[in-house]
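**Student:** Contents of structure.cif (mmCIF, C-alpha atoms) are given next:
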```
data_target
loop_
_atom_site.label_atom_id
_atom_site.label_comp_id
_atom_site.auth_asym_id
_atom_site.auth_seq_id
_atom_site.Cartn_x
_atom_site.Cartn_y
_atom_site.Cartn_z
CA MET A 1 8.10 12.30 21.91
CA GLU A 2 6.02 9.46 23.26
CA ALA A 3 4.30 6.34 21.99
CA SER A 4 1.10 5.06 23.47
CA GLY A 5 0.39 1.36 23.72
CA ASP A 6 0.33 -1.40 26.29
CA THR A 7 2.34 -4.50 25.37
CA GLU A 8 2.18 -6.35 28.72
CA GLU A 9 1.27 -10.01 28.70
CA PRO A 10 -2.53 -10.33 28.65
CA PRO A 11 -4.65 -12.69 30.67
CA LEU A 12 -6.02 -15.60 28.72
CA PRO A 13 -7.99 -15.70 26.52
CA LEU A 14 -6.21 -13.25 24.23
CA ALA A 15 -7.60 -9.72 23.86
CA LEU A 16 -6.77 -8.07 20.52
CA SER A 17 -6.69 -4.57 22.00
CA ARG A 18 -3.74 -5.56 24.18
CA PHE A 19 -1.66 -6.03 21.04
CA GLN A 20 -2.78 -2.91 19.15
CA VAL A 21 -4.86 -5.13 16.86
CA SER A 22 -8.16 -3.66 15.72
CA GLU A 23 -11.47 -5.55 15.66
CA GLU A 24 -12.29 -3.73 12.41
CA PHE A 25 -8.90 -3.29 10.73
CA GLY A 26 -6.72 -6.10 12.13
CA PHE A 27 -3.04 -5.19 11.91
CA LEU A 28 -3.75 -2.10 9.80
CA LEU A 29 -3.37 1.19 11.65
CA PRO A 30 -6.99 2.41 12.09
CA ASP A 31 -7.59 5.72 10.29
CA PRO A 32 -3.95 6.85 10.05
CA LEU A 33 -3.11 10.53 10.29
CA THR A 34 -2.32 12.15 6.95
CA GLU A 35 -0.55 15.32 8.15
CA LEU A 36 2.05 15.98 10.84
CA PRO A 37 1.96 19.10 13.08
CA ALA A 38 3.18 22.33 11.50
CA PRO A 39 6.80 22.15 12.77
CA TYR A 40 7.27 19.08 10.56
CA SER A 41 6.14 20.72 7.30
CA PRO A 42 9.70 20.46 5.83
CA TRP A 43 9.32 16.65 5.97
CA MET A 44 5.77 16.64 4.62
CA ASP A 45 6.61 19.05 1.79
CA ILE A 46 9.34 16.73 0.54
CA ALA A 47 7.26 13.58 1.10
CA HIS A 48 4.36 14.88 -0.99
CA GLN A 49 6.72 15.61 -3.91
CA LEU A 50 8.75 12.40 -3.81
CA PRO A 51 7.94 10.97 -7.27
CA GLN A 52 8.81 14.25 -9.01
CA LEU A 53 11.90 14.90 -6.87
CA ILE A 54 13.25 11.40 -7.52
CA THR A 55 12.60 11.30 -11.26
CA SER A 56 14.12 14.79 -11.68
CA HIS A 57 17.15 13.72 -9.56
CA GLN A 58 16.56 16.56 -7.09
CA LEU A 59 15.64 14.64 -3.91
CA ARG A 60 19.17 14.35 -2.52
CA SER A 61 19.82 18.08 -2.85
CA ARG A 62 16.45 18.85 -1.19
CA VAL A 63 17.30 16.53 1.71
CA HIS A 64 20.68 18.23 2.15
CA GLN A 65 18.85 21.57 2.53
CA MET A 66 16.32 20.14 5.01
CA PRO A 67 16.53 21.48 8.58
CA GLN A 68 17.33 18.99 11.32
CA LEU A 69 14.10 18.83 13.30
CA SER A 70 13.62 17.70 16.87
CA THR A 71 11.27 14.76 17.34
CA GLN A 72 10.23 16.00 20.79
CA HIS A 73 6.99 17.52 19.50
CA LEU A 74 5.62 14.24 18.16
CA ARG A 75 2.81 12.95 20.37
CA GLY A 76 1.21 9.53 20.41
CA ARG A 77 1.37 6.45 18.24
CA GLU A 78 -0.41 7.94 15.20
CA GLU A 79 1.96 10.90 14.84
CA LEU A 80 4.96 8.64 15.32
CA HIS A 81 3.72 6.18 12.69
CA LEU A 82 3.16 8.97 10.16
CA ALA A 83 6.61 10.41 10.91
CA HIS A 84 8.14 6.95 10.43
CA LEU A 85 6.24 6.50 7.16
CA VAL A 86 7.37 9.88 5.84
CA LEU A 87 11.01 9.45 6.87
CA SER A 88 11.06 5.88 5.51
CA PHE A 89 9.86 6.96 2.08
CA ILE A 90 12.28 9.90 1.98
CA THR A 91 15.13 7.57 2.97
CA MET A 92 14.34 4.99 0.27
CA GLY A 93 14.11 7.75 -2.33
CA TYR A 94 17.39 9.26 -1.13
CA VAL A 95 19.29 5.96 -1.25
CA TRP A 96 17.89 4.70 -4.57
CA GLN A 97 17.41 8.00 -6.47
CA GLU A 98 20.16 7.08 -8.97
CA GLY A 99 19.35 3.36 -9.14
CA GLU A 100 21.40 0.42 -7.97
CA GLU A 101 24.64 1.76 -9.47
CA GLY A 102 24.38 5.19 -7.85
CA THR A 103 23.77 4.33 -4.20
CA VAL A 104 25.11 6.30 -1.23
CA GLN A 105 27.14 5.08 1.73
CA VAL A 106 25.83 7.61 4.28
CA LEU A 107 22.39 8.87 5.27
CA PRO A 108 22.86 12.54 6.31
CA ARG A 109 22.34 13.39 9.97
CA ASN A 110 19.39 15.75 9.39
CA LEU A 111 17.48 12.69 8.14
CA ALA A 112 19.25 9.89 10.02
CA ILE A 113 18.96 11.25 13.58
CA PRO A 114 15.20 11.98 13.65
CA TYR A 115 14.54 8.77 11.74
CA TRP A 116 16.48 6.79 14.35
CA GLU A 117 14.68 8.52 17.23
CA VAL A 118 11.20 7.86 15.79
CA SER A 119 12.19 4.25 15.05
CA GLN A 120 13.37 3.75 18.63
CA ALA A 121 10.11 5.16 20.00
CA LEU A 122 8.06 2.72 17.90
CA GLY A 123 10.37 -0.26 18.25
CA LEU A 124 10.75 -0.42 14.47
CA PRO A 125 13.98 -0.47 12.42
CA PRO A 126 14.98 2.70 10.52
CA ILE A 127 14.02 1.40 7.08
CA LEU A 128 10.81 1.13 5.07
CA SER A 129 8.93 -1.98 6.20
CA HIS A 130 5.50 -3.51 5.63
CA ALA A 131 4.31 -1.66 8.75
CA ASP A 132 4.95 1.66 6.96
CA PHE A 133 4.40 0.80 3.32
CA VAL A 134 0.97 -0.80 3.81
CA LEU A 135 -0.31 -0.80 7.40
CA ALA A 136 0.08 2.95 8.03
CA ASN A 137 -0.11 4.25 4.44
CA TRP A 138 -3.81 4.50 3.64
CA ARG A 139 -6.56 7.09 3.74
CA ARG A 140 -10.17 7.40 2.68
CA LYS A 141 -10.30 9.32 -0.59
CA ASP A 142 -14.04 10.00 -0.46
CA PRO A 143 -17.18 9.15 1.58
CA ASN A 144 -17.88 6.16 -0.70
CA GLY A 145 -15.06 4.20 0.93
CA ASN A 146 -12.56 4.53 -1.92
CA LEU A 147 -9.01 4.35 -0.65
CA ASP A 148 -5.75 6.02 -1.54
CA THR A 149 -2.19 6.07 -0.26
CA ILE A 150 -0.81 8.86 1.94
CA ILE A 151 2.78 8.89 0.63
CA THR A 152 3.97 7.51 -2.70
CA LEU A 153 7.10 6.91 -4.79
CA PRO A 154 7.73 6.54 -8.54
CA GLY A 155 5.44 3.95 -10.12
CA GLY A 156 2.19 5.88 -10.50
CA ASP A 157 -1.00 3.80 -10.57
CA SER A 158 0.94 0.53 -10.36
CA LEU A 159 2.56 1.54 -7.06
CA ARG A 160 -0.78 2.71 -5.71
CA GLY A 161 -2.36 -0.57 -6.84
CA PHE A 162 0.41 -2.63 -5.25
CA ILE A 163 -0.03 -0.93 -1.89
CA LEU A 164 -3.83 -0.96 -1.89
CA VAL A 165 -4.22 -4.58 -3.07
CA THR A 166 -1.84 -5.63 -0.28
CA LEU A 167 -3.96 -3.57 2.11
CA LEU A 168 -7.09 -5.40 0.90
CA VAL A 169 -5.36 -8.72 1.64
CA GLU A 170 -4.67 -7.48 5.19
CA LYS A 171 -8.30 -6.34 5.54
CA ALA A 172 -9.61 -9.70 4.28
CA ALA A 173 -7.58 -11.39 7.03
CA VAL A 174 -9.45 -9.62 9.86
CA PRO A 175 -12.12 -12.32 10.45
CA GLY A 176 -9.29 -14.86 10.55
CA ILE A 177 -7.42 -12.85 13.20
CA LYS A 178 -10.58 -12.76 15.32
CA ALA A 179 -11.01 -16.50 14.69
CA ILE A 180 -7.60 -17.12 16.29
CA VAL A 181 -8.82 -15.58 19.53
CA LEU A 182 -12.09 -17.52 19.30
CA ALA A 183 -10.27 -20.80 18.64
CA LEU A 184 -7.81 -20.45 21.52
CA GLY A 185 -10.63 -19.50 23.88
CA ALA A 186 -12.65 -22.51 22.72
CA ILE A 187 -9.72 -24.84 23.43
CA LEU A 188 -9.53 -23.49 27.00
CA GLN A 189 -13.26 -23.99 27.44
CA GLN A 190 -13.27 -27.42 25.74
CA ASP A 191 -15.98 -25.98 23.49
CA GLU A 192 -15.73 -28.01 20.28
CA GLU A 193 -18.73 -26.37 18.63
CA THR A 194 -17.17 -22.90 18.94
CA LEU A 195 -13.81 -24.27 17.85
CA LEU A 196 -15.35 -25.72 14.69
CA ARG A 197 -16.96 -22.35 13.92
CA ALA A 198 -13.62 -20.58 14.49
CA LEU A 199 -11.80 -22.91 12.10
CA GLU A 200 -14.47 -22.42 9.45
CA GLU A 201 -14.16 -18.65 9.81
CA LEU A 202 -10.37 -18.87 9.58
CA ALA A 203 -10.53 -20.93 6.38
CA GLU A 204 -13.01 -18.47 4.83
CA ALA A 205 -10.74 -15.55 5.72
CA ILE A 206 -7.68 -17.17 4.12
CA GLU A 207 -9.72 -17.94 0.99
CA ALA A 208 -10.86 -14.29 0.91
CA MET A 209 -7.22 -13.19 1.17
CA SER A 210 -6.45 -15.25 -1.95
CA GLU A 211 -9.29 -13.56 -3.81
CA ALA A 212 -8.02 -10.14 -2.76
CA LEU A 213 -4.48 -11.03 -3.87
CA ARG A 214 -5.82 -11.96 -7.31
CA GLN A 215 -6.55 -8.25 -7.90
CA MET A 216 -2.79 -7.60 -8.21
CA HIS A 217 -3.11 -8.67 -11.87
CA ASP A 218 -5.68 -5.93 -12.51
CA HIS A 219 -3.89 -3.03 -10.87
CA VAL A 220 -0.12 -3.54 -11.16
CA ASP A 221 1.89 -3.55 -14.40
CA PRO A 222 4.68 -6.19 -14.16
CA GLU A 223 7.20 -4.07 -16.09
CA VAL A 224 6.57 -1.02 -13.90
CA PHE A 225 6.79 -3.12 -10.74
CA TYR A 226 10.05 -4.78 -11.71
CA SER A 227 11.85 -1.87 -13.38
CA VAL A 228 10.57 1.09 -11.33
CA ILE A 229 8.94 0.17 -8.03
CA ARG A 230 10.91 -2.77 -6.70
CA ILE A 231 14.22 -1.04 -6.10
CA PHE A 232 12.61 1.42 -3.66
CA LEU A 233 11.52 -1.51 -1.46
CA SER A 234 15.06 -2.92 -1.37
CA GLY A 235 17.20 -2.76 1.74
CA TRP A 236 20.88 -2.82 2.57
CA ARG A 237 21.31 -6.36 3.79
CA ASP A 238 22.01 -9.31 1.46
CA ASN A 239 21.94 -6.84 -1.44
CA ALA A 240 24.81 -6.82 -3.94
CA ALA A 241 24.05 -3.19 -4.78
CA MET A 242 24.80 -2.15 -1.17
CA PRO A 243 27.07 -4.87 0.22
CA HIS A 244 28.40 -2.76 3.10
CA GLY A 245 25.09 -1.47 4.47
CA LEU A 246 24.33 2.19 5.21
CA VAL A 247 25.88 4.56 7.75
CA TYR A 248 23.30 6.61 9.66
CA GLU A 249 25.28 9.78 10.29
CA GLY A 250 25.15 10.96 13.90
CA VAL A 251 23.72 7.61 15.01
CA SER A 252 26.55 5.12 14.53
CA PRO A 253 29.90 5.22 12.73
CA GLU A 254 29.36 1.59 11.71
CA PRO A 255 27.02 0.86 8.79
CA LEU A 256 23.70 -0.85 9.54
CA ALA A 257 22.56 -3.81 7.44
CA LEU A 258 18.76 -3.83 7.24
CA SER A 259 16.35 -5.83 5.10
CA GLY A 260 13.92 -4.11 2.76
CA GLY A 261 10.15 -4.29 2.83
CA SER A 262 8.75 -7.79 2.39
CA ALA A 263 5.44 -9.62 2.57
CA ALA A 264 7.24 -11.85 5.09
CA GLN A 265 6.97 -8.90 7.51
CA SER A 266 3.16 -9.17 7.54
CA THR A 267 2.06 -10.46 10.94
CA VAL A 268 -0.99 -12.23 9.49
CA LEU A 269 0.69 -15.32 8.05
CA HIS A 270 3.02 -15.66 11.04
CA ALA A 271 -0.05 -15.72 13.29
CA PHE A 272 -1.81 -18.33 11.14
CA ASP A 273 1.33 -20.49 10.99
CA GLU A 274 1.68 -20.44 14.78
CA LEU A 275 -1.98 -21.30 15.33
CA LEU A 276 -1.90 -24.20 12.86
CA GLY A 277 1.48 -25.45 14.09
CA ILE A 278 3.15 -25.16 10.67
CA CYS A 279 6.85 -26.06 10.93
CA HIS A 280 9.06 -24.50 8.27
CA ARG A 281 12.51 -25.74 7.25
CA GLU A 282 15.41 -24.36 9.24
CA ASP A 283 16.68 -21.72 6.80
CA SER A 284 13.19 -20.50 5.88
CA ALA A 285 12.14 -20.42 9.53
CA ALA A 286 15.25 -18.39 10.42
CA PHE A 287 14.45 -15.79 7.74
CA LEU A 288 10.80 -15.57 8.82
CA HIS A 289 11.84 -15.19 12.46
CA ARG A 290 14.20 -12.34 11.50
CA MET A 291 11.36 -10.63 9.65
CA ARG A 292 9.48 -10.37 12.96
CA ASP A 293 12.00 -7.73 14.00
CA TYR A 294 10.38 -5.50 11.35
CA MET A 295 6.90 -5.76 12.89
CA PRO A 296 5.51 -3.32 15.48
CA PRO A 297 6.45 -4.88 18.85
CA PRO A 298 2.82 -5.43 19.97
CA HIS A 299 2.12 -7.42 16.79
CA ARG A 300 5.27 -9.46 17.36
CA ALA A 301 4.04 -10.12 20.91
CA PHE A 302 0.68 -11.32 19.51
CA VAL A 303 2.46 -13.96 17.41
CA GLN A 304 4.47 -15.04 20.45
CA ALA A 305 1.31 -15.28 22.58
CA ILE A 306 -0.25 -17.64 19.99
CA ARG A 307 2.95 -19.70 20.02
CA SER A 308 2.78 -19.92 23.84
CA ALA A 309 -0.91 -20.89 23.91
CA SER A 310 -2.36 -24.39 23.94
CA SER A 311 -1.62 -26.32 20.74
CA LEU A 312 -4.60 -26.31 18.38
CA ARG A 313 -3.04 -29.13 16.39
CA GLN A 314 -2.62 -31.38 19.42
CA HIS A 315 -6.12 -30.55 20.64
CA VAL A 316 -7.73 -31.49 17.31
CA LEU A 317 -5.76 -34.75 17.21
CA ALA A 318 -6.71 -35.54 20.80
CA THR A 319 -10.43 -35.09 20.19
CA GLY A 320 -10.43 -37.57 17.30
CA ASP A 321 -13.29 -35.50 15.87
CA ALA A 322 -13.48 -35.91 12.07
CA GLY A 323 -15.34 -32.61 11.67
CA LEU A 324 -12.65 -30.67 13.53
CA ARG A 325 -9.91 -32.46 11.61
CA GLY A 326 -11.61 -31.60 8.31
CA ALA A 327 -11.99 -27.94 9.29
CA PHE A 328 -8.36 -27.81 10.41
CA ASN A 329 -7.21 -29.29 7.11
CA ARG A 330 -9.32 -26.81 5.18
CA CYS A 331 -7.40 -24.02 6.92
CA VAL A 332 -4.04 -25.60 6.07
CA SER A 333 -5.11 -26.22 2.48
CA ALA A 334 -6.31 -22.62 2.10
CA LEU A 335 -3.00 -21.33 3.49
CA ALA A 336 -1.01 -23.49 1.05
CA ALA A 337 -3.21 -22.30 -1.82
CA PHE A 338 -2.63 -18.67 -0.80
CA ARG A 339 1.12 -19.30 -0.88
CA SER A 340 0.83 -20.94 -4.31
CA ARG A 341 -0.98 -17.86 -5.59
CA HIS A 342 1.79 -15.69 -4.15
CA ILE A 343 4.37 -17.81 -6.03
CA ALA A 344 2.41 -17.32 -9.28
CA ILE A 345 2.40 -13.56 -8.77
CA VAL A 346 6.10 -13.45 -7.95
CA THR A 347 6.77 -15.51 -11.11
CA LYS A 348 4.89 -12.98 -13.23
CA TYR A 349 6.17 -9.82 -11.56
CA ILE A 350 9.78 -10.85 -10.96
CA ALA A 351 10.96 -13.91 -12.93
CA THR A 352 9.11 -13.21 -16.17
CA ALA A 353 9.63 -9.45 -15.83
CA ALA A 354 13.35 -10.02 -15.17
CA ALA A 355 13.68 -12.11 -18.34
CA LYS A 356 12.07 -9.34 -20.36
CA ALA A 357 14.32 -6.77 -18.69
CA ARG A 358 17.43 -8.79 -19.58
CA ALA A 359 16.33 -8.74 -23.20
CA ARG A 360 16.16 -4.95 -23.02
CA ARG A 361 19.35 -4.48 -21.05
CA ALA A 362 21.16 -2.79 -23.93
CA ALA A 363 18.56 -0.01 -23.78
CA PRO A 364 19.55 3.33 -22.22
CA ALA A 365 17.23 2.93 -19.21
CA LYS A 366 18.95 -0.05 -17.64
CA PRO A 367 16.59 -2.00 -15.35
CA PRO A 368 17.84 -3.19 -11.96
CA SER A 369 19.61 -6.54 -11.88
CA ALA A 370 21.01 -6.95 -8.34
CA LEU A 371 17.77 -8.46 -7.06
CA GLU A 372 16.80 -10.65 -10.01
CA THR A 373 16.72 -13.80 -7.90
CA LYS A 374 16.10 -12.25 -4.49
CA GLY A 375 13.14 -10.75 -2.71
CA THR A 376 13.26 -7.19 -1.43
CA GLY A 377 13.77 -8.64 2.05
CA GLY A 378 16.93 -10.38 0.82
CA SER A 379 15.70 -13.99 0.62
CA HIS A 380 16.36 -16.27 -2.35
CA ILE A 381 12.82 -15.74 -3.37
CA PHE A 382 11.67 -18.86 -5.23
CA SER A 383 13.40 -21.45 -3.06
CA PHE A 384 12.08 -19.61 0.01
CA LEU A 385 8.46 -19.30 -1.20
CA LYS A 386 8.30 -22.89 -2.43
CA SER A 387 9.82 -24.12 0.83
CA ILE A 388 7.22 -22.40 3.00
CA ARG A 389 4.38 -23.50 0.68
CA ASP A 390 5.55 -27.12 0.79
CA SER A 391 6.02 -27.15 4.56
CA THR A 392 2.52 -25.67 4.88
CA ARG A 393 1.11 -28.58 2.88
CA GLU A 394 2.93 -30.97 5.21
CA GLY A 395 0.88 -29.53 8.09
CA MET A 396 -2.24 -31.45 7.01
CA LEU A 397 -3.59 -33.96 9.53
CA SER A 398 -3.98 -37.48 8.22
CA ALA A 399 -7.22 -39.34 8.82
#
```
How does the structure come out when it is put into structure tokens?
**Tutor:**
Amino acid sequence: MEASGDTEEPPLPLALSRFQVSEEFGFLLPDPLTELPAPYSPWMDIAHQLPQLITSHQLRSRVHQMPQLSTQHLRGREELHLAHLVLSFITMGYVWQEGEEGTVQVLPRNLAIPYWEVSQALGLPPILSHADFVLANWRRKDPNGNLDTIITLPGGDSLRGFILVTLLVEKAAVPGIKAIVLALGAILQQDEETLLRALEELAEAIEAMSEALRQMHDHVDPEVFYSVIRIFLSGWRDNAAMPHGLVYEGVSPEPLALSGGSAAQSTVLHAFDELLGICHREDSAAFLHRMRDYMPPPHRAFVQAIRSASSLRQHVLATGDAGLRGAFNRCVSALAAFRSRHIAIVTKYIATAAAKARARRAAPAKPPSALETKGTGGSHIFSFLKSIRDSTREGMLSA
């Protein structure tokens, strides 16, 4: 089992390829594999049937019958990412098959050991993260460019829509990622004209991300998201439904406490925050920093390289150039507006949906309640999102 990829510190200016960032796809895995080699068909067979196995309450018994496979035959980053995706989805289905009141304490060794080994090879934690759920979980459905997911869970079209709209937000960010490299290079060269162009391209990319995010309303049903999908993104840290974490049998006798999938694990906004010098409040910053542990290590290194580079904020202030200051502020304003849109979506898909679910709670199909006020990553969702939006606004440069 081996992972390809060079994460050594690059020479300045930054080169995206050094951080496994694609010129065309950004942080998305370019053209992910959709099938593992034949020895891993027991994993793929279960993964392709996950929605049916979970809703029929048969997944746990199927996992118990699954052979324990060696990970030694996995070759290269693409196979490892697909293996991690498949094992992540199987694990979330296994843990949450019976809802928040029927969780398990132990992940069986035939799943836990290979999952741990693949996670170690990639430098990712053994839980479903944004890197699996979105970045590595897409395929071209037809030659016209229509997209689909590779692996899915209960939630039908709403789950597919949630994944693919998030993917479109990541894709819309790509010109902004390239603008980061352009901007930092322009600062080194004292090239204000190129810097202005880079800031304009960054602002346009963030505005395009907001437009992509708007499509969530068209493709995801709030009731399905809240009552069906959300639990499968939940982790075993800061979660009342699993207060003691999860034991990975054959890996460690002590339970691991890991956060679930979260938009805070997307490298894009971390990179933009570092470039623009946005300073978040202590508790919010600590949560965001912890979410970096759920990113592929090269992407984490990219964020750190931006942090270590020359300060864009200080450079713009030092030039005294009104045009640069205006372009900088447009970027900050666009980022704050994106975060406001995210708050509006969370209000609709969590707060409003939770209120409706409480009204139905006497019904036989009891909706989840442990995460009513928390994000799937474990944060207190509204105070966190409003905090980072407000601290973003405070990053504006005064005239």
**Student:** Taking the file as shown, find all residues satisfying the PyMOL selection byres ((chain A and resi 196-207) around 7) and write them as a list in words.
**Tutor:**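 Applying the PyMOL selection byres ((chain A and resi 196-207) around 7) to the structure shown produces Ala172, Ala173, Pro175, Gly176, Ala179, Leu182, Ala183, Glu192, Glu193, Thr194, Leu195, Ala208, Met209, Ser210, Glu211, Leu324, Ala327, Phe328, Arg330, Cys331, Ala334 and Leu335 of chain A.
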**Student:** Keeping only C-alpha atoms, write those residues as a JSON list (two decimals), in the frame of the given file.
**Tutor:**
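Listing of again38.json after writing:
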```json
[["chain", "number", "residue", "atom", "x", "y", "z"],
["A", 172, "ALA", "CA", -9.61, -9.70, 4.28],
["A", 173, "ALA", "CA", -7.58, -11.39, 7.03],
["A", 175, "PRO", "CA", -12.12, -12.32, 10.45],
["A", 176, "GLY", "CA", -9.29, -14.86, 10.55],
["A", 179, "ALA", "CA", -11.01, -16.50, 14.69],
["A", 182, "LEU", "CA", -12.09, -17.52, 19.30],
["A", 183, "ALA", "CA", -10.27, -20.80, 18.64],
["A", 192, "GLU", "CA", -15.73, -28.01, 20.28],
["A", 193, "GLU", "CA", -18.73, -26.37, 18.63],
["A", 194, "THR", "CA", -17.17, -22.90, 18.94],
["A", 195, "LEU", "CA", -13.81, -24.27, 17.85],
["A", 208, "ALA", "CA", -10.86, -14.29, 0.91],
["A", 209, "MET", "CA", -7.22, -13.19, 1.17],
["A", 210, "SER", "CA", -6.45, -15.25, -1.95],
["A", 211, "GLU", "CA", -9.29, -13.56, -3.81],
["A", 324, "LEU", "CA", -12.65, -30.67, 13.53],
["A", 327, "ALA", "CA", -11.99, -27.94, 9.29],
["A", 328, "PHE", "CA", -8.36, -27.81, 10.41],
["A", 330, "ARG", "CA", -9.32, -26.81, 5.18],
["A", 331, "CYS", "CA", -7.40, -24.02, 6.92],
["A", 334, "ALA", "CA", -6.31, -22.62, 2.10],
["A", 335, "LEU", "CA", -3.00, -21.33, 3.49]]
```
**Student:** Would you work out the distance separating CA of Leu107 in chain A from CA of Tyr248 in chain A, expressed in Å to one decimal?
**Tutor:**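 Between CA of Leu107 in chain A and CA of Tyr248 in chain A the gap works out to 5.0 Å.
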**Student:** If you measure from CA of Val106 in chain A to CA of Val247 in chain A, what distance in Å do you get, rounded to one decimal?
**Tutor:**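 Interatomic distance here is 4.6 Å.
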**Student:** Kindly extract all protein, DNA and RNA residues lying within 7 Å of the coordinates (10.1, -20.8, 4.3) given in the file, considering only C-alpha atoms, and supply them as a ChimeraX atom specification.
**Tutor:** /A:280-281,284-285,288,384-385,387-388
**Student:** If you keep C-alpha atoms, can you produce a file of those selected residues as an mmCIF file, keeping the file's coordinate frame?
**Tutor:**
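Result saved to selection.cif:
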```cif
data_model
loop_
_atom_site.group_PDB
_atom_site.id
_atom_site.type_symbol
_atom_site.label_atom_id
_atom_site.label_comp_id
_atom_site.auth_asym_id
_atom_site.auth_seq_id
_atom_site.Cartn_x
_atom_site.Cartn_y
_atom_site.Cartn_z
ATOM 1 C CA HIS A 280 9.060 -24.500 8.270
ATOM 2 C CA ARG A 281 12.510 -25.740 7.250
ATOM 3 C CA SER A 284 13.190 -20.500 5.880
ATOM 4 C CA ALA A 285 12.140 -20.420 9.530
ATOM 5 C CA LEU A 288 10.800 -15.570 8.820
ATOM 6 C CA PHE A 384 12.080 -19.610 0.010
ATOM 7 C CA LEU A 385 8.460 -19.300 -1.200
ATOM 8 C CA SER A 387 9.820 -24.120 0.830
ATOM 9 C CA ILE A 388 7.220 -22.400 3.000
#
```
**Student:** If you count all atoms listed in the file, which residues fall within 7 Å of range 113-129 of chain A, apart from same-chain ones fewer than 2 positions away, as a count of residues only?
**Tutor:** 25
**Student:** Which value, in Å to one decimal, gives the distance between CA of Gln49 in chain A and CA of Gly93 in chain A?
**Tutor:** 10.9 Å
**Student:** Near range 161-170 of chain A, within 9 Å and counting all atoms listed in the file, which residues show up once chain neighbours fewer than 5 positions away are dropped, as a list of chain:residue names?
**Tutor:**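 The residues that qualify are A:Phe25, A:Gly26, A:Phe27, A:Leu28, A:Phe133, A:Val134, A:Leu135, A:Asn137, A:Trp138, A:Leu147, A:Asp148, A:Thr149, A:Gly156, A:Ala208, A:Met209, A:Ser210, A:Glu211, A:Ala212, A:Leu213, A:Arg214, A:Gln215, A:Met216, A:Asp218, A:His219, A:Val220, A:Phe225, A:Ala263, A:Ser266, A:Val268.
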**Student:** Find, counting all atoms listed in the file, the residue in A:Val181, A:Val86, A:Leu74, A:Leu269 that gets nearest to Ala336 in chain A.
**Tutor:**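 Of A:Val181, A:Val86, A:Leu74, A:Leu269, the one nearest Ala336 in chain A, counting all atoms listed in the file, is A:Leu269.
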**Student:** Suppose a student applies the PyMOL selection byres ((chain A and resi 98) around 12) to this structure; what residues should they get, written as a ChimeraX atom specification?
**Tutor:** /A:53-60,92-97,99-104,228,231-232,241,365-368
**Student:** Between A:Leu184, A:Arg360, A:Gln105, A:Arg139, which has the minimum distance to Pro243 in chain A (counting only C-alpha atoms)?
**Tutor:**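 Looking at the shortest contact to Pro243 in chain A, the residue is A:Gln105.
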**Student:** For the file shown, report as a PyMOL selection string the outcome of the PyMOL selection byres ((chain A and resi 308) around 12) at residue level.
**Tutor:** chain A and resi 9-10+12-14+184+271+274-275+277+301-307+309-312
**Student:** Pick the closest to Pro30 in chain A from A:Ala136, A:Ile343, A:Leu16, A:Leu50: which is it, counting only C-alpha atoms?
**Tutor:**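 Result for the nearest residue to Pro30 in chain A: A:Ala136.
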**Student:** Restricting the calculation to all atoms listed in the file, which member of A:Arg230, A:His299, A:His289, A:Arg341 is positioned closest to Ser22 in chain A?
**Tutor:**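 Smallest distance to Ser22 in chain A is found for A:His299.
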**Student:** Given the choices A:Ser391, A:Ser259, A:Asn329, A:Gln20, which gets closest to Arg237 in chain A if the distance is worked out from all atoms listed in the file?
**Tutor:**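 Checking each candidate against Arg237 in chain A, we get A:Ser259 as the closest.
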**Student:** May I ask which of the residues A:Ser398, A:Ser383, A:Gln314, A:Thr392 is the closest one to Ile187 in chain A, counting all atoms listed in the file?
**Tutor:**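 Ranking A:Ser398, A:Ser383, A:Gln314, A:Thr392 by distance to Ile187 in chain A, first place goes to A:Gln314.
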